[in-house]
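Undergrad: So that you have it, the file is final_34.txt, and it contains compact mmCIF, C-alpha atoms:
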# COMPACT_ATOMS: atom_id res chain seq x y z
CA MET A 1 21.66 71.19 13.60
CA LEU A 2 20.66 69.14 16.66
CA HIS A 3 20.15 66.15 14.39
CA LEU A 4 23.61 66.65 12.90
CA LEU A 5 25.25 66.98 16.33
CA ALA A 6 23.52 63.80 17.41
CA MET A 7 24.86 62.00 14.35
CA LEU A 8 28.38 63.27 14.93
CA THR A 9 28.32 61.96 18.51
CA GLY A 10 26.82 58.63 17.51
CA GLU A 11 23.42 59.14 19.10
CA ALA A 12 20.68 57.09 17.45
CA ILE A 13 18.00 59.05 15.62
CA VAL A 14 16.01 56.60 13.54
CA GLY A 15 14.82 53.33 15.00
CA ASP A 16 14.90 54.12 18.72
CA ARG A 17 11.44 55.43 19.54
CA GLY A 18 9.50 52.24 20.15
CA ASP A 19 5.96 51.41 19.05
CA GLU A 20 5.02 55.04 18.46
CA LYS A 21 7.84 55.37 15.94
CA VAL A 22 6.78 52.14 14.22
CA THR A 23 3.20 53.37 13.71
CA GLN A 24 4.48 56.77 12.67
CA ALA A 25 6.86 55.30 10.07
CA ARG A 26 4.03 53.44 8.38
CA GLU A 27 1.69 56.42 8.34
CA LEU A 28 4.42 58.64 6.93
CA TYR A 29 5.18 56.07 4.26
CA LEU A 30 1.53 55.82 3.22
CA SER A 31 1.20 59.59 3.01
CA VAL A 32 4.32 59.85 0.84
CA ALA A 33 3.17 56.92 -1.32
CA GLU A 34 -0.15 58.66 -1.95
CA SER A 35 1.73 61.77 -3.09
CA ALA A 36 3.82 59.63 -5.42
CA GLY A 37 0.66 58.13 -6.88
CA ARG A 38 -0.79 61.57 -7.57
CA LEU A 39 2.45 62.66 -9.22
CA LEU A 40 2.47 59.59 -11.46
CA ALA A 41 -1.08 60.43 -12.58
CA GLU A 42 -0.13 63.96 -13.69
CA PRO A 43 -0.61 64.60 -17.45
CA ALA A 44 2.93 65.99 -17.64
CA VAL A 45 4.31 62.56 -16.74
CA ALA A 46 2.40 60.94 -19.58
CA GLY A 47 3.46 63.77 -21.89
CA GLY A 48 7.14 63.22 -21.18
CA TRP A 49 6.92 59.43 -20.97
CA HIS A 50 9.47 58.68 -23.70
CA GLN A 51 11.80 61.60 -22.96
CA PRO A 52 15.05 61.44 -20.95
CA SER A 53 14.59 62.01 -17.25
CA ALA A 54 16.69 64.21 -14.98
CA LEU A 55 18.77 61.11 -14.18
CA ALA A 56 21.46 59.99 -16.59
CA LYS A 57 20.60 57.03 -18.82
CA LEU A 58 17.06 56.80 -17.41
CA SER A 59 13.89 57.74 -19.30
CA VAL A 60 10.85 59.30 -17.65
CA ARG A 61 9.11 55.96 -18.18
CA GLY A 62 11.93 54.08 -16.45
CA LEU A 63 12.05 56.58 -13.58
CA ALA A 64 8.27 56.36 -13.14
CA GLY A 65 8.48 52.57 -13.04
CA HIS A 66 11.27 52.67 -10.47
CA LEU A 67 9.30 55.13 -8.35
CA ALA A 68 6.21 52.91 -8.51
CA GLY A 69 8.33 49.94 -7.49
CA GLN A 70 8.88 51.51 -4.07
CA VAL A 71 5.14 51.00 -3.49
CA PHE A 72 4.94 47.53 -5.00
CA PHE A 73 7.86 46.34 -2.86
CA ILE A 74 5.81 46.43 0.34
CA PRO A 75 3.14 43.80 -0.47
CA THR A 76 5.91 41.75 -2.10
CA VAL A 77 8.00 41.52 1.05
CA LEU A 78 4.94 40.97 3.22
CA ALA A 79 4.06 37.90 1.14
CA GLU A 80 7.54 36.38 1.36
CA PRO A 81 8.76 33.98 4.06
CA VAL A 82 10.56 35.55 6.99
CA PRO A 83 14.28 35.38 6.15
CA SER A 84 16.78 33.59 8.35
CA GLU A 85 19.63 36.04 7.74
CA PRO A 86 20.63 38.09 10.81
CA ALA A 87 19.06 41.52 11.24
CA ILE A 88 21.04 44.74 10.99
CA SER A 89 19.99 48.34 11.60
CA ILE A 90 18.92 50.67 8.83
CA HIS A 91 22.16 52.62 9.21
CA GLU A 92 24.21 49.45 8.88
CA TYR A 93 22.12 48.54 5.83
CA TYR A 94 23.14 51.76 4.09
CA ARG A 95 26.73 51.13 5.17
CA GLN A 96 26.75 47.70 3.52
CA VAL A 97 24.92 48.28 0.24
CA SER A 98 27.23 48.39 -2.76
CA TRP A 99 25.19 50.65 -5.03
CA ILE A 100 25.84 53.95 -3.27
CA GLY A 101 28.19 55.95 -5.48
CA SER A 102 28.56 53.07 -7.93
CA ASP A 103 29.11 53.49 -11.67
CA LEU A 104 25.97 53.85 -13.78
CA ASP A 105 26.95 50.85 -15.90
CA THR A 106 27.29 48.32 -13.10
CA PRO A 107 24.96 45.31 -13.48
CA PHE A 108 22.97 46.54 -10.48
CA ASN A 109 22.29 49.96 -11.99
CA GLN A 110 21.53 48.46 -15.37
CA GLY A 111 19.00 46.25 -13.60
CA ILE A 112 17.41 49.28 -11.96
CA ARG A 113 16.93 50.89 -15.36
CA SER A 114 15.56 47.79 -17.06
CA GLY A 115 13.35 47.02 -14.07
CA GLY A 116 11.81 50.49 -14.21
CA GLU A 117 11.10 50.08 -17.92
CA ASP A 118 9.52 46.68 -17.33
CA GLU A 119 7.37 47.96 -14.45
CA SER A 120 5.90 50.67 -16.67
CA VAL A 121 5.40 48.63 -19.83
CA ASP A 122 1.60 49.16 -19.87
CA GLY A 123 1.87 52.94 -19.97
CA PRO A 124 1.47 55.88 -17.58
CA ALA A 125 -2.27 55.55 -16.89
CA ALA A 126 -2.02 51.86 -16.04
CA LEU A 127 1.01 52.43 -13.80
CA ALA A 128 -0.66 55.27 -11.89
CA ALA A 129 -3.81 53.16 -11.43
CA ARG A 130 -1.78 50.22 -10.10
CA VAL A 131 -0.02 52.46 -7.60
CA ALA A 132 -3.31 54.01 -6.41
CA THR A 133 -4.84 50.55 -5.94
CA CYS A 134 -1.78 49.28 -4.10
CA VAL A 135 -1.71 52.25 -1.74
CA ASP A 136 -5.43 51.80 -1.00
CA GLU A 137 -4.82 48.15 -0.15
CA LEU A 138 -1.82 49.00 2.02
CA ARG A 139 -3.97 51.48 3.92
CA GLY A 140 -5.92 48.45 5.15
CA THR A 141 -3.07 45.99 5.68
CA LEU A 142 0.13 47.81 6.54
CA PRO A 143 -0.80 49.51 9.85
CA ALA A 144 -1.70 46.15 11.44
CA ALA A 145 1.09 44.07 9.88
CA PRO A 146 3.40 42.57 12.52
CA ASP A 147 6.95 43.79 12.53
CA ARG A 148 9.17 41.11 11.02
CA LEU A 149 12.39 40.73 9.12
CA VAL A 150 12.54 41.25 5.36
CA ARG A 151 15.23 40.77 2.75
CA ARG A 152 15.64 41.41 -0.97
CA PRO A 153 17.51 38.96 -3.23
CA THR A 154 20.20 41.49 -4.20
CA TRP A 155 21.29 42.08 -0.61
CA GLY A 156 24.18 40.51 1.23
CA PRO A 157 23.71 37.94 4.00
CA PHE A 158 21.55 40.15 6.19
CA SER A 159 17.97 41.27 6.72
CA ILE A 160 16.31 44.36 8.22
CA SER A 161 13.08 44.94 10.07
CA LEU A 162 9.92 45.62 8.10
CA ASP A 163 9.68 49.09 9.59
CA ASP A 164 13.25 49.95 8.66
CA PHE A 165 12.50 48.72 5.16
CA ILE A 166 9.43 50.95 5.07
CA THR A 167 11.58 53.90 6.10
CA SER A 168 14.09 53.10 3.35
CA ARG A 169 11.24 53.08 0.82
CA THR A 170 10.09 56.46 2.14
CA LEU A 171 13.55 57.78 1.32
CA GLU A 172 13.34 56.31 -2.19
CA LEU A 173 9.88 57.75 -2.77
CA ILE A 174 10.78 61.27 -1.67
CA VAL A 175 14.05 61.39 -3.61
CA HIS A 176 12.54 59.97 -6.80
CA CYS A 177 9.40 62.09 -6.61
CA ASP A 178 11.73 65.07 -6.79
CA ASP A 179 13.58 63.46 -9.71
CA LEU A 180 10.36 62.79 -11.60
CA ALA A 181 8.83 66.19 -10.94
CA CYS A 182 12.03 67.88 -12.11
CA SER A 183 12.08 65.68 -15.20
CA VAL A 184 8.65 66.84 -16.40
CA GLY A 185 8.64 70.45 -15.19
CA LEU A 186 6.37 70.03 -12.17
CA PRO A 187 6.87 71.29 -8.62
CA THR A 188 8.13 68.69 -6.18
CA PRO A 189 5.24 67.40 -4.04
CA GLU A 190 4.91 68.66 -0.49
CA PHE A 191 5.60 65.87 2.00
CA PRO A 192 4.94 65.67 5.75
CA ALA A 193 7.70 67.53 7.58
CA LEU A 194 8.55 64.52 9.72
CA ALA A 195 8.94 62.32 6.65
CA VAL A 196 11.41 64.80 5.15
CA GLU A 197 13.27 65.10 8.47
CA THR A 198 13.59 61.31 8.68
CA VAL A 199 14.94 61.12 5.13
CA VAL A 200 17.37 64.00 5.73
CA ASP A 201 18.63 62.24 8.86
CA LEU A 202 19.34 59.09 6.84
CA LEU A 203 20.96 60.99 3.97
CA SER A 204 23.08 62.98 6.42
CA ARG A 205 24.40 59.79 8.00
CA ILE A 206 25.33 58.46 4.56
CA ALA A 207 26.96 61.76 3.61
CA LEU A 208 29.02 61.70 6.81
CA ARG A 209 30.39 58.28 5.93
CA ARG A 210 31.15 59.27 2.33
CA HIS A 211 32.56 62.75 2.85
CA GLY A 212 33.57 63.07 6.51
CA ALA A 213 32.29 65.23 9.34
CA THR A 214 34.26 68.38 8.47
CA ASN A 215 32.96 68.52 4.91
CA VAL A 216 29.37 68.00 6.04
CA LEU A 217 29.66 70.63 8.77
CA ARG A 218 31.10 73.15 6.33
CA ALA A 219 28.47 72.44 3.69
CA LEU A 220 25.73 73.09 6.22
CA SER A 221 27.28 76.08 7.95
CA ARG A 222 30.09 77.75 5.97
CA ALA A 223 29.41 78.38 2.29
CA GLU A 224 32.76 80.13 1.85
CA ARG A 225 34.70 76.89 2.47
CA ALA A 226 32.11 74.24 1.70
CA PRO A 227 33.05 71.33 -0.56
CA ALA A 228 31.56 71.12 -4.03
CA SER A 229 29.27 68.27 -2.97
CA ILE A 230 28.25 66.21 0.03
CA SER A 231 25.82 64.11 -1.97
CA ALA A 232 24.78 61.03 -0.02
CA LEU A 233 23.79 58.93 -3.01
Go through the file and emit its structure as structure tokens.
TA:
Amino acid sequence: MLHLLAMLTGEAIVGDRGDEKVTQARELYLSVAESAGRLLAEPAVAGGWHQPSALAKLSVRGLAGHLAGQVFFIPTVLAEPVPSEPAISIHEYYRQVSWIGSDLDTPFNQGIRSGGEDESVDGPAALAARVATCVDELRGTLPAAPDRLVRRPTWGPFSISLDDFITSRTLELIVHCDDLACSVGLPTPEFPALAVETVVDLLSRIALRRHGATNVLRALSRAERAPASISAL
């Protein structure tokens, strides 16, 4: 509730804790990425590979590929030139992206589905092995990587810091690990408490913008008059 009160009053939660937060964000990301890799290697994922996932219009294979992409993104952005677009905060990033709440048949969402299928074209074992190798390599390179700006081609005319990007990928990993586990009948992996708290903070900020403070407060405190949904995404 303290986190929610801070958000309602505009107090910063993510991105204001200095070097300790930066190191912490990377360690949390690596821990969550390792959990994602273990989930991708589960036999149940291979067994349901060609079945529909828990997400509309997305197969288990496509979801697995999209999940893995949240690991592959990091070495990709580290290898790219530093962008010249102005930096914005992670909260402003989520305010500006167009995909939140968008129709499933928009070109962007169609690209997400096809990209996940393409990423997983070599099968579940190969995908899980690639993720494990990538996480091992990031264990050696990511903690010492200098903070810098990064940008993806689908974004608007802005960039964000590497560490904010890492935090956004932590959100993607945790959310989609739950999606994948649910899709194949497995328990959702256990993640570090601070990683989950960070993701909940981000999702709560997005939910506040989409649904308003009263609806979020009621959903968290008053079931008898809560709205049907305060989904952030």
Undergrad: Just to confirm, what's the straight-line distance from atom CA of A:Thr198 to atom CA of A:Ala54 in Å (one decimal)?
TA: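 Distance between the two atoms: 24.0 Å.
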Undergrad: So the first atom is atom CA of A:Leu127 and the second is atom CA of A:Glu172; what is the distance between them in Å, to one decimal place?
TA: 17.4 Å
Undergrad: Go through A:Ser229, A:Gln96, A:Thr167, A:Ser183 and flag the residue nearest A:Asp201, using only C-alpha atoms for the distances.
TA: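 When distances to A:Asp201 are compared using only C-alpha atoms, the smallest one comes from A:Thr167.
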Undergrad: Taking 6 positions as the minimum chain separation for residues in the same chain, which residues sit within 9 Å of A:Asn109 when counting only C-alpha atoms? Answer as an MDAnalysis selection string.
TA: chainID A and resid 99 102:103
Undergrad: Need to verify the contact set: A:Arg151, 8 Å, only C-alpha atoms, exclusion of same-chain residues closer than 6 positions in sequence. Can you return it as a PyMOL selection string?
TA: chain A and resi 77+83+158-160
Undergrad: Mind pulling up the distance from atom CA of A:Val150 to atom CA of A:Gly111?
TA: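 Separating atom CA of A:Gly111 from atom CA of A:Val150 is a distance of 20.6 Å.
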Undergrad: With only C-alpha atoms as the basis for distance, which of A:Val199, A:Ala44, A:Ala145, A:Ile206 is at the shortest distance from A:Pro75?
TA: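 Counting only C-alpha atoms, the residue closest to A:Pro75 is A:Ala145.
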Undergrad: Contacts of A:Ala195 at 10 Å or less, counting all atoms listed in the file, minus same-chain residues fewer than 3 places along, as a list in words?
TA: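 Once the nearby chain positions are removed, what remains is Gln24, Ala25, Glu27, Leu28, Tyr29, Ser31, Val32, Thr167, Thr170, Leu171, Ile174, Phe191, Pro192, Thr198, Val199, Val200 and Asp201 of chain A.
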Undergrad: Quick one: of A:Ser114, A:Gln51, A:Ser35, A:Ser161, who's nearest to A:Glu85, counting all atoms listed in the file?
TA: A:Ser161
Undergrad: Within 12 Å of (30.9, 66.1, -1.3) (coordinates as in the file), grab all the protein and nucleic acid residues, counting only C-alpha atoms, and write them out as a list in words.
TA: Gly101, Ser204, Ile206, Ala207, Leu208, Arg209, Arg210, His211, Gly212, Ala213, Thr214, Asn215, Val216, Leu217, Arg218, Ala219, Leu220, Ala226, Pro227, Ala228, Ser229, Ile230, Ser231, Ala232 and Leu233 of chain A
Undergrad: Given 4 Å of margin on each side, can you work out the centre and size in Å (one decimal) of an axis-aligned box holding every listed atom of stretch 172-189 of chain A, as lines of an AutoDock Vina configuration file?
TA:
center_x = 9.6
center_y = 63.8
center_z = -9.0
size_x = 16.8
size_y = 23.0
size_z = 22.7
